[in-house]
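As stored in upload_2.txt (compact mmCIF, C-alpha atoms):
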# COMPACT_ATOMS: atom_id res chain seq x y z
CA MET O 226 -11.05 38.57 28.03
CA ARG O 227 -8.42 37.27 30.43
CA ARG O 228 -6.77 33.94 29.64
CA LEU O 229 -7.18 31.23 32.24
CA ARG O 230 -3.83 30.30 33.69
CA TYR O 231 -2.89 27.00 35.26
CA PRO O 232 -2.31 27.54 39.02
CA SER O 233 1.46 27.69 39.59
CA TRP O 234 1.11 26.40 43.14
CA LEU O 235 -0.16 22.98 42.05
CA PRO O 236 2.59 20.30 42.33
CA VAL O 237 1.54 18.54 39.09
CA ASP O 238 2.63 19.93 35.73
CA PRO O 239 -0.31 21.01 33.52
CA TYR O 240 0.55 18.46 30.86
CA ILE O 241 0.69 15.68 33.42
CA ALA O 242 -2.67 16.90 34.71
CA ALA O 243 -3.99 16.65 31.15
CA LEU O 244 -2.64 13.09 30.91
CA LEU O 245 -4.32 12.13 34.17
CA GLY O 246 -7.55 13.75 32.97
CA THR O 247 -7.35 11.75 29.75
CA VAL O 248 -6.94 8.53 31.73
CA LEU O 249 -9.97 9.49 33.84
CA LEU O 250 -11.99 10.23 30.68
CA ALA O 251 -11.03 6.84 29.25
CA ALA O 252 -12.11 5.17 32.50
CA LEU O 253 -15.50 6.91 32.54
CA LEU O 254 -16.20 7.10 28.79
CA PRO O 255 -14.07 4.53 26.96
CA ALA O 256 -14.27 4.32 23.19
CA ARG O 257 -16.30 1.30 22.12
CA GLY O 258 -17.32 -0.28 18.83
CA THR O 259 -17.22 2.15 15.93
CA GLY O 260 -15.87 4.85 18.22
CA ALA O 261 -12.94 2.63 19.14
CA HIS O 262 -12.14 2.00 15.46
CA LEU O 263 -12.30 5.74 14.72
CA ALA O 264 -10.13 6.56 17.75
CA GLY O 265 -7.63 3.89 16.74
CA GLY O 266 -7.37 5.19 13.19
CA ALA O 267 -7.00 8.77 14.39
CA SER O 268 -4.33 7.67 16.89
CA THR O 269 -2.36 5.88 14.16
CA GLY O 270 -2.49 8.94 11.92
CA ALA O 271 -1.54 11.28 14.76
CA VAL O 272 1.49 9.16 15.66
CA GLY O 273 2.67 9.12 12.04
CA LEU O 274 2.30 12.92 11.87
CA LEU O 275 4.13 13.28 15.18
CA PHE O 276 7.21 11.38 13.98
CA PHE O 277 7.08 13.09 10.59
CA LEU O 278 7.38 16.42 12.39
CA TYR O 279 10.23 15.04 14.52
CA GLY O 280 12.05 14.22 11.31
CA VAL O 281 11.47 17.72 9.94
CA ARG O 282 12.71 19.44 13.09
CA LEU O 283 15.86 17.39 13.65
CA SER O 284 18.75 19.19 11.97
CA THR O 285 20.91 16.68 10.13
CA ARG O 286 23.83 19.11 10.20
CA GLU O 287 23.62 19.49 13.99
CA ALA O 288 23.48 15.73 14.37
CA MET O 289 26.59 15.28 12.22
CA ASP O 290 28.44 18.03 14.11
CA GLY O 291 27.60 16.29 17.34
CA LEU O 292 29.51 13.18 16.30
CA ARG O 293 32.66 14.94 17.46
CA HIS O 294 31.47 14.32 21.03
CA TRP O 295 31.32 10.57 20.47
CA ARG O 296 32.48 9.70 24.01
CA LEU O 297 29.65 11.70 25.56
CA HIS O 298 27.01 10.29 23.21
CA GLY O 299 28.34 6.78 23.66
CA THR O 300 28.04 7.18 27.43
CA VAL O 301 24.42 8.38 27.15
CA LEU O 302 23.52 5.54 24.77
CA ALA O 303 25.14 3.00 27.10
CA ALA O 304 23.13 4.34 30.03
CA THR O 305 19.89 4.38 28.02
CA PHE O 306 20.10 1.06 26.18
CA VAL O 307 22.45 -1.02 28.35
CA ALA O 308 22.32 0.04 32.01
CA PHE O 309 18.57 0.71 32.06
CA PRO O 310 17.64 -2.65 30.47
CA LEU O 311 19.96 -4.53 32.83
CA LEU O 312 18.29 -2.92 35.84
CA GLY O 313 14.91 -3.70 34.30
CA LEU O 314 15.85 -7.35 33.95
CA ALA O 315 17.14 -7.42 37.53
CA SER O 316 13.78 -6.10 38.76
CA GLY O 317 12.28 -9.40 37.65
CA GLY O 318 13.36 -10.72 41.04
CA LEU O 319 10.64 -8.52 42.59
CA VAL O 320 7.88 -10.58 40.93
CA PRO O 321 5.45 -11.43 42.50
CA PHE O 322 6.41 -9.73 45.78
CA LEU O 323 6.17 -6.08 44.65
CA LEU O 324 5.28 -6.33 40.97
CA THR O 325 2.85 -8.40 38.96
CA PRO O 326 4.22 -10.01 35.79
CA GLU O 327 2.30 -7.44 33.71
CA LEU O 328 3.68 -4.45 35.64
CA HIS O 329 7.19 -5.87 35.37
CA THR O 330 6.76 -6.16 31.61
CA GLY O 331 5.71 -2.51 31.53
CA LEU O 332 8.67 -1.56 33.71
CA LEU O 333 11.06 -3.46 31.46
CA PHE O 334 9.58 -1.75 28.41
CA LEU O 335 10.15 1.59 30.15
CA CYS O 336 13.83 0.69 30.44
CA LEU O 337 14.04 0.15 26.66
CA VAL O 338 12.59 3.53 25.64
CA PRO O 339 14.97 6.26 24.33
CA SER O 340 15.90 9.37 26.25
CA THR O 341 14.13 12.71 26.12
CA ILE O 342 15.14 15.77 24.10
CA GLN O 343 13.34 18.93 25.25
CA SER O 344 13.31 18.30 28.98
CA SER O 345 16.95 17.15 28.96
CA ILE O 346 17.91 20.36 27.17
CA ALA O 347 15.89 22.51 29.56
CA PHE O 348 17.31 20.90 32.71
CA THR O 349 20.85 21.05 31.32
CA SER O 350 20.38 24.75 30.57
CA VAL O 351 19.06 25.49 34.06
CA ALA O 352 22.00 23.60 35.65
CA ARG O 353 24.56 25.52 33.52
CA GLY O 354 25.59 22.41 31.60
CA ASN O 355 26.58 21.71 27.99
CA VAL O 356 23.31 22.46 26.18
CA ALA O 357 24.68 21.64 22.71
CA ALA O 358 25.73 18.20 23.95
CA ALA O 359 22.30 17.64 25.48
CA ILE O 360 20.65 18.49 22.15
CA CYS O 361 22.82 16.03 20.23
CA ALA O 362 22.64 13.31 22.89
CA GLY O 363 18.85 13.46 23.07
CA SER O 364 18.55 13.50 19.28
CA PHE O 365 20.89 10.53 18.86
CA SER O 366 19.06 8.57 21.55
CA SER O 367 15.66 9.21 19.97
CA LEU O 368 16.91 8.30 16.50
CA ALA O 369 18.64 5.15 17.74
CA GLY O 370 15.55 4.22 19.74
CA LEU O 371 13.48 3.89 16.59
CA VAL O 372 15.58 0.83 15.79
CA ILE O 373 17.04 -0.32 19.12
CA THR O 374 13.85 -0.16 21.23
CA PRO O 375 11.73 -2.54 19.11
CA LEU O 376 14.67 -4.91 18.64
CA LEU O 377 15.36 -5.02 22.39
CA ALA O 378 11.63 -5.41 23.04
CA ALA O 379 11.47 -8.38 20.68
CA LEU O 380 14.54 -9.89 22.35
CA LEU O 381 13.70 -9.27 26.02
CA LEU O 382 9.90 -9.28 25.98
CA GLY O 383 9.22 -11.90 23.34
CA GLY O 384 8.55 -14.59 25.92
CA SER O 385 6.56 -12.41 28.31
CA GLY O 386 3.20 -12.96 26.69
CA ALA O 387 3.08 -9.36 25.48
CA GLY O 388 2.28 -10.42 21.95
CA LEU O 389 5.53 -9.23 20.40
CA SER O 390 6.40 -10.53 16.96
CA ALA O 391 8.26 -9.66 13.80
CA HIS O 392 4.98 -8.12 12.59
CA ALA O 393 4.93 -5.77 15.60
CA VAL O 394 8.53 -4.73 14.97
CA LEU O 395 7.66 -4.10 11.33
CA GLY O 396 4.77 -1.97 12.55
CA ILE O 397 7.23 0.23 14.42
CA VAL O 398 9.23 0.70 11.22
CA LEU O 399 6.20 1.56 9.11
CA GLN O 400 4.41 3.77 11.63
CA LEU O 401 7.36 5.57 13.21
CA LEU O 402 10.59 5.22 11.23
CA VAL O 403 9.14 5.73 7.75
CA PRO O 404 7.38 9.03 8.66
CA PHE O 405 10.54 10.17 10.45
CA MET O 406 12.70 9.52 7.37
CA ALA O 407 10.10 11.23 5.17
CA GLY O 408 10.38 14.29 7.42
CA GLN O 409 14.15 14.24 7.05
CA LEU O 410 13.89 14.04 3.25
CA LEU O 411 11.44 16.95 3.06
CA ARG O 412 13.18 19.02 5.71
CA ARG O 413 15.00 21.33 3.30
CA TRP O 414 11.69 22.54 1.84
CA ILE O 415 9.37 22.73 4.85
CA ALA O 416 11.65 23.15 7.90
CA GLY O 417 11.26 26.94 7.85
CA PHE O 418 7.47 26.72 7.87
CA VAL O 419 7.44 24.06 10.59
CA THR O 420 9.85 25.83 12.94
CA GLY O 421 7.93 29.09 12.41
CA HIS O 422 4.81 27.62 14.02
CA LYS O 423 6.21 26.24 17.27
CA LYS O 424 3.06 26.85 19.32
CA VAL O 425 0.89 24.97 16.86
CA LEU O 426 3.44 22.15 16.71
CA GLY O 427 3.48 21.96 20.49
CA LEU O 428 -0.28 21.46 20.47
CA VAL O 429 0.10 18.76 17.81
CA ASP O 430 2.78 17.01 19.89
CA ARG O 431 0.79 17.00 23.09
CA GLY O 432 -2.56 16.39 21.41
CA SER O 433 -1.18 13.33 19.62
CA ILE O 434 0.08 11.85 22.87
CA LEU O 435 -3.22 12.53 24.64
CA LEU O 436 -5.06 10.76 21.81
CA VAL O 437 -2.72 7.77 22.07
CA VAL O 438 -3.26 7.63 25.84
CA TYR O 439 -7.04 7.80 25.47
CA THR O 440 -7.11 5.05 22.84
CA ALA O 441 -4.79 2.74 24.78
CA PHE O 442 -6.51 3.20 28.13
CA SER O 443 -9.98 2.92 26.58
CA GLU O 444 -9.12 -0.47 25.16
CA GLY O 445 -7.72 -1.50 28.53
CA VAL O 446 -10.94 -0.48 30.29
CA VAL O 447 -13.12 -2.31 27.77
CA ARG O 448 -11.04 -5.48 28.19
CA GLY O 449 -11.02 -5.17 31.99
CA ILE O 450 -7.25 -5.22 32.42
CA TRP O 451 -7.30 -2.50 35.11
CA HIS O 452 -8.87 -4.90 37.57
CA GLN O 453 -5.43 -6.55 37.68
CA VAL O 454 -3.85 -3.53 39.42
CA THR O 455 -4.51 -2.89 43.11
CA PRO O 456 -3.48 0.23 45.08
CA LEU O 457 -0.87 -1.85 46.91
CA ARG O 458 0.66 -2.96 43.60
CA LEU O 459 0.74 0.65 42.41
CA LEU O 460 2.55 1.64 45.58
CA GLY O 461 5.07 -1.12 44.97
CA LEU O 462 5.57 0.10 41.41
CA VAL O 463 6.22 3.66 42.58
CA LEU O 464 8.80 2.39 45.08
CA VAL O 465 10.60 0.31 42.44
CA GLU O 466 10.65 3.22 39.99
CA ALA O 467 12.03 5.56 42.66
CA LEU O 468 14.88 3.12 43.24
CA LEU O 469 15.42 2.79 39.48
CA LEU O 470 15.67 6.56 39.02
CA ALA O 471 18.01 6.91 42.00
CA ALA O 472 20.23 4.15 40.64
CA MET O 473 20.48 5.75 37.18
CA LEU O 474 21.13 9.22 38.58
CA GLY O 475 23.90 7.80 40.76
CA LEU O 476 25.35 5.70 37.94
CA THR O 477 25.47 8.55 35.41
CA THR O 478 26.86 10.99 38.00
CA TYR O 479 29.60 8.67 39.24
CA GLY O 480 30.35 7.14 35.84
CA SER O 481 30.73 10.46 34.03
CA ARG O 482 33.06 11.70 36.76
CA ARG O 483 35.18 8.54 36.60
CA LEU O 484 35.41 8.89 32.81
CA GLY O 485 36.93 12.35 33.23
CA PHE O 486 34.21 14.50 31.68
CA PRO O 487 34.18 18.21 32.64
CA ARG O 488 31.32 19.50 34.78
CA GLU O 489 29.25 20.86 31.87
CA ASP O 490 29.38 17.51 30.05
CA ARG O 491 28.58 15.59 33.24
CA VAL O 492 25.40 17.63 33.67
CA ALA O 493 24.29 16.77 30.12
CA ILE O 494 25.09 13.08 30.65
CA VAL O 495 23.11 12.88 33.89
CA PHE O 496 19.97 14.51 32.49
CA ALA O 497 20.06 12.77 29.09
CA GLY O 498 21.13 9.39 30.46
CA SER O 499 18.71 9.05 33.37
CA LYS O 500 15.41 10.00 31.73
CA LYS O 501 12.94 8.30 29.42
CA SER O 502 10.76 9.75 26.67
CA LEU O 503 7.01 9.58 27.15
CA ALA O 504 6.42 10.96 23.65
CA ALA O 505 8.46 8.17 22.02
CA GLY O 506 7.42 5.38 24.38
CA LEU O 507 3.64 5.73 24.14
CA PRO O 508 3.35 5.31 20.36
CA MET O 509 5.81 2.39 20.42
CA ALA O 510 3.81 0.67 23.19
CA THR O 511 0.61 1.09 21.19
CA VAL O 512 2.15 -0.67 18.20
CA LEU O 513 3.97 -3.36 20.19
CA PHE O 514 1.37 -4.30 22.80
CA GLY O 515 -1.97 -3.55 21.15
CA ALA O 516 -4.81 -4.25 23.58
CA GLN O 517 -2.45 -4.45 26.55
CA ALA O 518 -0.83 -1.08 25.86
CA GLY O 519 -2.83 0.71 28.58
CA LEU O 520 -1.35 -1.36 31.38
CA MET O 521 2.10 -1.46 29.80
CA VAL O 522 2.48 2.34 29.61
CA LEU O 523 1.44 2.91 33.23
CA PRO O 524 5.04 2.50 34.55
CA LEU O 525 6.30 4.92 31.89
CA MET O 526 3.71 7.58 32.79
CA LEU O 527 4.56 7.35 36.48
CA PHE O 528 8.31 7.41 35.82
CA HIS O 529 7.93 10.42 33.54
CA GLN O 530 6.34 12.56 36.26
CA MET O 531 8.84 11.33 38.85
CA GLN O 532 11.88 12.12 36.70
CA LEU O 533 10.64 15.65 35.99
CA MET O 534 10.12 16.45 39.66
CA VAL O 535 13.45 15.02 40.80
CA CYS O 536 15.50 16.47 37.94
CA ALA O 537 13.95 19.91 38.43
CA VAL O 538 15.22 19.92 42.01
CA LEU O 539 18.68 18.69 40.92
CA ALA O 540 18.93 21.28 38.13
CA LYS O 541 18.18 24.17 40.47
CA ARG O 542 20.63 22.85 43.06
CA TRP O 543 23.43 22.49 40.51
CA ALA O 544 22.67 25.95 39.14
CA ARG O 545 23.20 27.44 42.61
CA GLN O 546 26.44 25.50 42.99
CA ALA O 547 27.67 26.75 39.59
CA GLU O 548 26.86 30.34 40.49
CA ALA O 549 28.65 30.03 43.83
CA ALA O 550 31.75 28.52 42.19
CA ALA O 551 31.91 31.09 39.38
CA PRO O 552 34.38 33.98 39.89
CA ALA O 553 32.89 37.35 40.70
CA ALA O 554 32.00 39.35 37.61
CA SER O 555 34.32 42.19 36.68
CA PRO O 556 32.94 45.68 37.47
CA ALA O 557 33.58 46.65 33.86
CA ALA O 558 31.57 43.74 32.53
CA PRO O 559 27.98 44.55 31.55
CA ALA O 560 25.32 43.10 33.79
CA ALA O 561 23.18 40.36 32.37
CA SER O 562 19.61 41.27 31.60
CA PRO O 563 16.88 39.76 33.79
CA ALA O 564 15.57 37.82 30.79
CA ALA O 565 19.01 36.30 30.13
CA ALA O 566 19.56 35.43 33.77
CA ARG O 567 16.21 33.73 34.09
CA PRO O 568 16.44 29.97 33.38
CA ARG O 569 14.15 28.62 30.72
CA GLU O 570 10.94 27.10 31.93
CA VAL O 571 10.85 23.34 31.89
CA VAL O 572 7.87 22.12 29.94
CA ALA O 573 6.82 18.64 30.97
CA GLY O 574 5.24 16.17 28.64
CA ARG O 575 7.59 16.99 25.82
CA ARG O 576 10.13 14.52 24.77

Starting from the file, give its structure as structure tokens.
Amino acid sequence: MRRLRYPSWLPVDPYIAALLGTVLLAALLPARGTGAHLAGGASTGAVGLLFFLYGVRLSTREAMDGLRHWRLHGTVLAATFVAFPLLGLASGGLVPFLLTPELHTGLLFLCLVPSTIQSSIAFTSVARGNVAAAICAGSFSSLAGLVITPLLAALLLGGSGAGLSAHAVLGIVLQLLVPFMAGQLLRRWIAGFVTGHKKVLGLVDRGSILLVVYTAFSEGVVRGIWHQVTPLRLLGLVLVEALLLAAMLGLTTYGSRRLGFPREDRVAIVFAGSKKSLAAGLPMATVLFGAQAGLMVLPLMLFHQMQLMVCAVLAKRWARQAEAAAPAASPAAPAASPAAARPREVVAGRR
């Protein structure tokens, strides 16, 4: 029996299509009553498992070795947790002209989320950048985000009516950081088993996020919060996010060049410093915002798809430039195999 394949000509990544389908399912068949309690409990358990597996897969030795590139990692962290939040705060001037207060809160939360790991690595690899630096930078950002994101959210969103409190921040620690640290402690015994089942783990990753999306959006539908968003407001949000992404791409490109980084490091900085993690942001939003999580994660979901599309184009363009600038291969040198020359596929929806 032939496997059904996702049509390659469709402009939307299959995982993004699954996310959109989950939102549609929540709109048509939201979880109510006992079903909502069951979905919420399953979502909480899935998120804990997700971050436990993150802890198992993150190599402590690789993270420690990456400290030697402290300037690069410091630049990525500054872009992720300083430049992004400042731009998010500045976007408050667009309320109520382009954004509603709720959408601005979601946009500001987006700016506090850590960077991605897998997609940053994949884009850096395609663009012939420093892949090892991208691995370490994404890992450091995700690890730091477990602490920095809830603290910044409590500081910057505490007066926004989002319901943030010390209890919500503690919830982040218990639901995300504790499972992550447990994974790190048990890594030496179960890392081999976990890394040997990558396909199953990929399904767990994506399935957990889909469950979180369904639970959050279901609660939003039941409470009627989606009536607050009109098509015109959504268009305004897309425009603001396009400007935000362009600003961060320009800032990381120009800033890394001014700081004297070589080309390979600049590529890693741009892709790690300009993107945000959907996989980390959704669980955090669920803990921090509760019933309002559905509306709050909408800016993050839109930004995630936008960053993948734009960065894919940039990665391919920079790959062509790198190939054109490289000296011609020596006739005596062995030709690269087609598999080695083919860039790795970028899988959206991962961190």

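Compared by their closest atoms to Leu328 in chain O, and using all atoms listed in the file, the residues O:Ser366, O:Gln517, O:Ala357, O:Leu312 rank with O:Gln517 nearest.
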
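Residue nearest Ser499 in chain O, chosen from O:Val425, O:Val338, O:Leu381, O:Ala358 and counting only C-alpha atoms: O:Val338.
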
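One distance worth recording is that between CA of Arg296 in chain O and CA of Phe486 in chain O, which is 9.2 Å.
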
### Message
Could you tell me how far CA of Ala378 in chain O sits from CA of Phe277 in chain O, in Å to one decimal place?
### Response
22.8 Å

Residues at most 8 Å from range 439-450 of chain O, counting only C-alpha atoms, excluding those fewer than 5 positions away in the same chain, as a PDB file with C-alpha atoms, keeping the file's coordinate frame?
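The result, written out as part.pdb:
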ATOM      1  CA  THR O 247      -7.350  11.750  29.750  1.00  0.00           C
ATOM      2  CA  VAL O 248      -6.940   8.530  31.730  1.00  0.00           C
ATOM      3  CA  LEU O 250     -11.990  10.230  30.680  1.00  0.00           C
ATOM      4  CA  ALA O 251     -11.030   6.840  29.250  1.00  0.00           C
ATOM      5  CA  ALA O 252     -12.110   5.170  32.500  1.00  0.00           C
ATOM      6  CA  LEU O 254     -16.200   7.100  28.790  1.00  0.00           C
ATOM      7  CA  PRO O 255     -14.070   4.530  26.960  1.00  0.00           C
ATOM      8  CA  ALA O 256     -14.270   4.320  23.190  1.00  0.00           C
ATOM      9  CA  ARG O 257     -16.300   1.300  22.120  1.00  0.00           C
ATOM     10  CA  ALA O 261     -12.940   2.630  19.140  1.00  0.00           C
ATOM     11  CA  ALA O 264     -10.130   6.560  17.750  1.00  0.00           C
ATOM     12  CA  GLY O 265      -7.630   3.890  16.740  1.00  0.00           C
ATOM     13  CA  SER O 268      -4.330   7.670  16.890  1.00  0.00           C
ATOM     14  CA  THR O 511       0.610   1.090  21.190  1.00  0.00           C
ATOM     15  CA  GLY O 515      -1.970  -3.550  21.150  1.00  0.00           C
ATOM     16  CA  ALA O 516      -4.810  -4.250  23.580  1.00  0.00           C
ATOM     17  CA  GLN O 517      -2.450  -4.450  26.550  1.00  0.00           C
ATOM     18  CA  ALA O 518      -0.830  -1.080  25.860  1.00  0.00           C
ATOM     19  CA  GLY O 519      -2.830   0.710  28.580  1.00  0.00           C
ATOM     20  CA  LEU O 520      -1.350  -1.360  31.380  1.00  0.00           C
TER      21      LEU O 520
END

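Rounded to one decimal, CA of Pro508 in chain O and CA of Ile346 in chain O lie 22.0 Å from each other.
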
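Distance annotation: of O:Pro404, O:Pro375, O:Gly299, O:Pro326, the residue with the minimal separation from Gly273 in chain O is O:Pro404; atom set is only C-alpha atoms.
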
### Task
May I have the residues within 12 Å of Gln546 in chain O as a list in words, using all atoms listed in the file and disregarding those fewer than 4 positions away in the same chain?
Val351, Ala352, Arg353, Gly354, Arg488, Leu539, Ala540, Lys541, Arg542, Ala550 and Ala551 of chain O

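Taking only C-alpha atoms into account, Pro310 in chain O lies nearest to O:Leu382 out of the set O:Leu382, O:Leu275, O:Leu249, O:Cys361.
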